[in-house]
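Engineer: Dumping the structure here so I can ask a few things about it.
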Amino acid sequence: PEGKESRTVFSKSDYINGALALGMSLRQNMNTDSPTATTTTHMLFLVRDGYTIPKSDEERLRAVGWTIGTAPKYELEKQYIPRFARYATTYTKLSAMGLSEYKCVMLMDADTLAVGNLDSLMDCSLFAT
């Protein structure tokens with residue numbers, strides 16, 4: 001939604017546990033006392049097009065605050081695809097630049113945890129042009 005901040009993670013199903021931990025750490029490090037805390041922060045968990053998440057995992061992700069969305073699959077020429085299969089979907093992270101409906105976007109991988117208050121980062125005035 002327009003004007004809302006976002007915490008974004010791109011993943012596939014084997015990162016569910018990391019995304020659950022990240023979701024909880026984000027919730028614990030946001031100012032929930034603020035009257036706008038639940039209405040101005042949108043936690044968006046993007047799954048690459050073509051991947052599916054079991055319904056039970058979707059329910060667990062939603063329980064910690066994630067909204068499930070789909071990131072487009074980028075078709076690349078073979079020369080640009082990383083050799084290691086683990087990195088073959090790295091370009092999916094470029095989808096964050098296309099989230100123009102948000103005031104600002106913070107991209108975090110599922111192997112990341114928030115360990116301190118994020119309110120000043122999510123104010124987005126730091127990045128105003």
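By convention here, the chains of the structure tokens are called A, B, ... in the order presented, each chain's residues are numbered starting at 1, and ligands are numbered starting at 1 in the order presented.
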Can you pull out the residues contacting Ala71 of chain A? Cut-off 12 Å, using only C-alpha atoms, and skip same-chain residues under 4 positions away; I want them as a ChimeraX atom specification.

Structural biologist: /A:8-12,44-52,89-99

Engineer: Compile the contact shell of segment 20-30 of chain A as a list of chain:residue names: residues with an atom at most 7 Å away, counting only C-alpha atoms, same-chain residues fewer than 5 positions apart removed.

Structural biologist: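 Contacts, with the query itself left out: A:Leu61, A:Val64, A:Gly65, A:Trp66, A:Ala110, A:Thr112, A:Leu113, A:Ala114, A:Val115, A:Gly116, A:Asn117, A:Leu118, A:Asp119.
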
Engineer: Quick one: distance from atom CA of Asp111 of chain A to atom CA of Pro72 of chain A in Å, one decimal?

Structural biologist: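 Taking atom CA of Asp111 of chain A as the start and atom CA of Pro72 of chain A as the end point, the length is 21.2 Å.
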
Engineer: Mind pulling up the distance from atom CA of Gly69 of chain A to atom CA of Phe84 of chain A?

Structural biologist: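 Between atom CA of Phe84 of chain A and atom CA of Gly69 of chain A the gap works out to 25.8 Å.
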
Engineer: Rounded to one decimal in Å, what is the spacing between atom CA of Lys55 of chain A and atom CA of Ser100 of chain A?

Structural biologist: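 Interatomic distance, atom CA of Lys55 of chain A to atom CA of Ser100 of chain A: 28.4 Å.
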
Engineer: Which of these, A:Ser56, A:Asp123, A:Met43, A:Lys78, has the shortest distance to Leu107 of chain A once you count only C-alpha atoms?

Structural biologist: A:Met43
